[in-house]
Structures are given as structure tokens and as C-alpha cells.
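S.K.: One structure coming up, written as C-alpha cells, with questions to follow.
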Amino acid sequence: MATATGIHHRSYRSELALRQTKAERLRLALVVLGALAMPFVVNVYWLSIVNTILIAVVGAVGLNILVGYTGQISIGTGGFLAVGAFTSAIVYERAQLPAVVAIAAAVLLTAAIGAFFGLPALRLAGFYLAIATLAAQVIIVFVARRWDWLTGGTGFIDVRAFELFGWEVGAGLFEVEWYAVLLVVAGLAVFAARNLFRTDLGRSFMAVRDQDVAAAAMGVNVTRTKVMAFAVSSGFIGLAGALTAHYTQTVSWERFTLDVSILYLAMIIVGGLGTIAGSVYGAAFMSLLPPVLTAASNAVQGSVPTLAEQLPALQVTVFGLVIVLFLIFEPRGLNHIWQRVKDYGRTWPFRT
């Protein structure tokens, strides 16, 4: 293929490099420069949108590990986000432990609960597994709503300002300081996920996705792999939930309903199943869709007043339409579109 022509490895270090060509390293440098310039080129409102995108990237990466790389469907993302958010808030507020410890506890507990609800994956697959994970979503949200101990009977938890090694994040420029923190965390999450699939565990995930019977014949422990996939995926999602709790400074079950689970599924479908980059593209695309529609509605409110009145219905319609169009015309998502653009650029003006 044209994409592989000209790449010749002369050492193991070269073959294992995440960026193997000068073009890839140049694009990475441009992304880094763009990320550093972001707080200086957008206003506070749009920077807050970027911050929500960075949190969504962490959760979407986790869900893609399970659905895209291991082939285990899940509709319980909202519930696992709730576990991470409530755990981190309770440990940070009531136990008065450092924020790093609270987030670590949230990741570990969410991973354990994810592994527990992943046990049905040992016997179920496809639609039946989806229903089992939907049960996890319903159970977790039900507990969050009804267990008064979690919120002290108020229905929500207020979280004090996030402190990181003595630094109170957001005490000055709230969105800018949080952007710095979330950018680092999202970058580390993407880096960790990229490297996960260069390990034996990550490759066993993909082997189970492709054909679990063949994977077992090659010596892969399918039982352990499926449970670990749920645990690792839920750990990433729990991290996103903990970040949501500290960023918004309020934790309520209403933030983690079934709609959130569907939204995260849409992110990885639109971005591209089985690709870490697709998780990033999908999280950005689906998180930007509502504010872009709102801005467009406000721009034409004077000439088309009914559009602003029907904005919620319009957002739901566009949301569903986007998913349907991607499933029909580009089921491999935005990542595949980008790959095709790069392939065209490599061979232009010659035909491939």
C-alpha cells in the first residue's frame, strides 16, 4: 500500500516508535503548538467547552478499549462515570484525603466494579451483553439516587476546590488552570492507551475481539482477558468521572443518566471503533455539536425565530442523524476519513 512504502526499519527501536515518519512528527509538533496556544486564542466560554472535551476524551478512550479493541459492547458508561465521580468526591470531601489519592481510589473502585459487571461477558455476547451492561447502568444510578448516605439526603455533593500538591486549581483563571491540568491528564491517558496495545495484554484484547476461539487455541486466557478489558476500560471511565466531579465541583446522579452512555457510544462510533485517535476525534466532534448548533441558532434567531424555540428537538435530531449517516456512509469513522486524506496527500498528484 502507498501508506507503507518508504518506511524501512533498521532497528527494534525504530519499529517500536509511536511516530515513525517526519510527517507524523511534524503533525504532532503542530498539535502540541496548537494545544499550547489554545488559551490565548479562544474565549472563556469556548475554553470551557474544550475542557469538557478533554474529560470526554479520557472516557471515550476507555470505552473504545472495551468496545472497539475487545469487541465487548457496553451501555453502562454513565454508571461507571457516576462511580468514579461519587467515589472521588466522598474520599476528597469526607475522608479529607489528597485529591490524587481520591482520584486513584475512584479509578481502582470503578475498575473493580467494572470487572464485576463484566462477568456476564464470559457467557454473553452481542445484544445480550449490551442488556447486561444496561442493567449495570440502571443499578448504579438507582443506588446513587436512593442511597442517602452518598449525598447526605441532599441529592448532590458539593466538592471543594481541587488542590494539587498545594496548588488550588482554578483559584486564579479557572478555565485556563483547569485546561492545563486536563490537557496533561488527557495526554497521559491517550499515551497510556496507545502503549497498552503494544503489550501482551493489549494484543490479547484484539485477539479476543477478532475470534475468541482462535485466541484460546493460541494460549490466550479468554476469561481473564474479558474481565481485564472491563476493568481497564472502567478504570479510564472512572478517571473521567473523577475529573468531572472536581471540575464541576458538584456531583449529582442527573449527570450520569442513560443519555450519557449513549453519547459516549456515539463518540467512538463517529470517531472510529478500534482506534485511539478516533476516540479523540469523536469526543471532540460530539462535544462540539451542541454548542455549535446553539451558536448557529442564535445567529439566525432574528430571521428564523422558530429555530431557536425548537433547539432541543433540533439537537436530538442532528445527534441521531449524525450517527445514522456515519454508520451508512463511513462506519469506520472520522479516523478513517483522516487516513484517506493523508493517503491522498502522499500520492498527489498521482493516482493510487
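Going through the C-alpha cells in order, the chains are called A, B, and so on, while each chain numbers its residues from 1 and the ligands are numbered from 1 in the order shown.
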Which residues are close to Gly153 of chain A, i.e. within 12 Å by only C-alpha atoms, leaving aside same-chain residues fewer than 5 positions away? Reply as a list in words.
M.R.: Ala144, Arg145, Arg146, Trp147, Asp148 and Ser252 of chain A
S.K.: DSSP on the backbone: which residues in segment 35-251 of chain A end up as strand (DSSP E)? Give the answer as a PDB file with N, CA and C atoms, in the first residue's frame.
M.R.:
```pdb
ATOM      1  N   PHE A 156     -27.089  15.626  46.115  1.00  0.00           N
ATOM      2  CA  PHE A 156     -25.859  16.025  45.421  1.00  0.00           C
ATOM      3  C   PHE A 156     -24.739  16.209  46.437  1.00  0.00           C
ATOM      4  N   ILE A 157     -23.509  16.291  45.946  1.00  0.00           N
ATOM      5  CA  ILE A 157     -22.336  16.522  46.791  1.00  0.00           C
ATOM      6  C   ILE A 157     -21.605  17.746  46.262  1.00  0.00           C
ATOM      7  N   ASP A 158     -21.378  18.704  47.134  1.00  0.00           N
ATOM      8  CA  ASP A 158     -20.529  19.840  46.778  1.00  0.00           C
ATOM      9  C   ASP A 158     -19.072  19.465  47.010  1.00  0.00           C
ATOM     10  N   GLU A 163      -7.203  20.724  44.877  1.00  0.00           N
ATOM     11  CA  GLU A 163      -5.852  21.081  45.283  1.00  0.00           C
ATOM     12  C   GLU A 163      -4.882  20.004  44.821  1.00  0.00           C
ATOM     13  N   LEU A 164      -3.826  20.438  44.167  1.00  0.00           N
ATOM     14  CA  LEU A 164      -2.827  19.525  43.624  1.00  0.00           C
ATOM     15  C   LEU A 164      -1.462  19.933  44.152  1.00  0.00           C
ATOM     16  N   TRP A 167      -1.342  23.403  45.305  1.00  0.00           N
ATOM     17  CA  TRP A 167      -1.818  24.391  44.328  1.00  0.00           C
ATOM     18  C   TRP A 167      -3.329  24.246  44.180  1.00  0.00           C
ATOM     19  N   GLU A 168      -4.057  25.296  44.467  1.00  0.00           N
ATOM     20  CA  GLU A 168      -5.511  25.287  44.322  1.00  0.00           C
ATOM     21  C   GLU A 168      -5.859  25.619  42.869  1.00  0.00           C
ATOM     22  N   THR A 250     -19.583  19.785  41.668  1.00  0.00           N
ATOM     23  CA  THR A 250     -20.888  19.284  42.107  1.00  0.00           C
ATOM     24  C   THR A 250     -21.097  17.894  41.505  1.00  0.00           C
ATOM     25  N   VAL A 251     -21.522  16.958  42.341  1.00  0.00           N
ATOM     26  CA  VAL A 251     -21.776  15.596  41.872  1.00  0.00           C
ATOM     27  C   VAL A 251     -23.240  15.269  42.112  1.00  0.00           C
TER      28      VAL A 251
END
```
S.K.: What are the closest atom pairs, with distances in Å to one decimal, for all residues of segment 66-170 of chain A lying within 7 Å of segment 228-237 of chain A? Consider only C-alpha atoms, order rows by chain and residue number, and present the result as a Markdown table.
M.R.:
```
| residue | atom | partner | partner_atom | distance |
| --- | --- | --- | --- | --- |
| A:Leu66 | CA | A:Ala229 | CA | 5.7 |
| A:Thr70 | CA | A:Ala229 | CA | 6.9 |
| A:Phe80 | CA | A:Ile237 | CA | 6.4 |
| A:Leu81 | CA | A:Ile237 | CA | 5.7 |
| A:Val107 | CA | A:Gly235 | CA | 4.7 |
| A:Leu108 | CA | A:Gly235 | CA | 6.4 |
| A:Thr110 | CA | A:Gly235 | CA | 5.7 |
| A:Ala111 | CA | A:Ala231 | CA | 4.3 |
| A:Ala112 | CA | A:Ala231 | CA | 6.1 |
| A:Gly114 | CA | A:Ala231 | CA | 5.2 |
| A:Ala115 | CA | A:Ala231 | CA | 4.6 |
| A:Gly118 | CA | A:Phe230 | CA | 5.6 |
```
S.K.: Pick out the closest residue to Asp259 of chain A from this set: A:Leu183, A:Ile75, A:Ala193, A:Ile276. Count only C-alpha atoms.
M.R.: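 Using only C-alpha atoms, Asp259 of chain A sits closest to A:Ile75.
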S.K.: Among segment 93-281 of chain A, which residues does DSSP mark as alpha helix (DSSP H) when it is run on the backbone? Keep the chain and numbering as in the structure and answer as JSON, numbers by chain.
M.R.: {"A": [93, 99, 100, 101, 102, 103, 104, 105, 106, 107, 108, 109, 110, 111, 112, 113, 114, 115, 116, 117, 127, 128, 129, 130, 131, 132, 133, 134, 135, 136, 137, 138, 139, 140, 141, 142, 143, 144, 145, 146, 148, 149, 150, 151, 174, 175, 176, 177, 178, 179, 180, 181, 182, 183, 184, 185, 186, 187, 188, 189, 190, 191, 192, 193, 194, 195, 196, 200, 201, 202, 203, 204, 205, 206, 207, 208, 209, 210, 212, 213, 214, 215, 216, 217, 222, 223, 224, 225, 226, 227, 228, 229, 230, 231, 232, 233, 234, 235, 236, 237, 238, 239, 240, 241, 242, 243, 244, 245, 246, 247, 248, 258, 259, 260, 261, 262, 263, 264, 265, 266, 267, 268, 269, 270, 271, 276, 277, 278, 279, 280, 281]}
S.K.: Name all residues at most 12 Å from Arg123 of chain A (count only C-alpha atoms; drop same-chain ones fewer than 4 positions away) and give them as a PDB file with C-alpha atoms, in the first residue's frame.
M.R.:
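Result file follows (result-v1.pdb):
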```pdb
ATOM      1  CA  GLN A  72     -17.468  -6.258  24.181  1.00  0.00           C
ATOM      2  CA  GLY A 118     -18.094  -7.662  33.130  1.00  0.00           C
ATOM      3  CA  LEU A 119     -18.526 -11.212  34.410  1.00  0.00           C
ATOM      4  CA  TYR A 128     -27.381  -9.931  25.366  1.00  0.00           C
ATOM      5  CA  LEU A 129     -24.190  -8.414  26.767  1.00  0.00           C
ATOM      6  CA  ALA A 132     -26.402  -6.848  30.892  1.00  0.00           C
ATOM      7  CA  VAL A 222     -10.152 -15.545  27.293  1.00  0.00           C
ATOM      8  CA  THR A 223     -11.804 -15.387  30.726  1.00  0.00           C
ATOM      9  CA  LYS A 226     -12.525 -10.207  29.017  1.00  0.00           C
ATOM     10  CA  VAL A 227     -12.631  -9.353  32.724  1.00  0.00           C
TER      11      VAL A 227
END
```
S.K.: Provide the atom CA of Ala180 of chain A to atom CA of His246 of chain A distance in Å, to one decimal place.
M.R.: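 Between atom CA of Ala180 of chain A and atom CA of His246 of chain A the gap is 14.2 Å.
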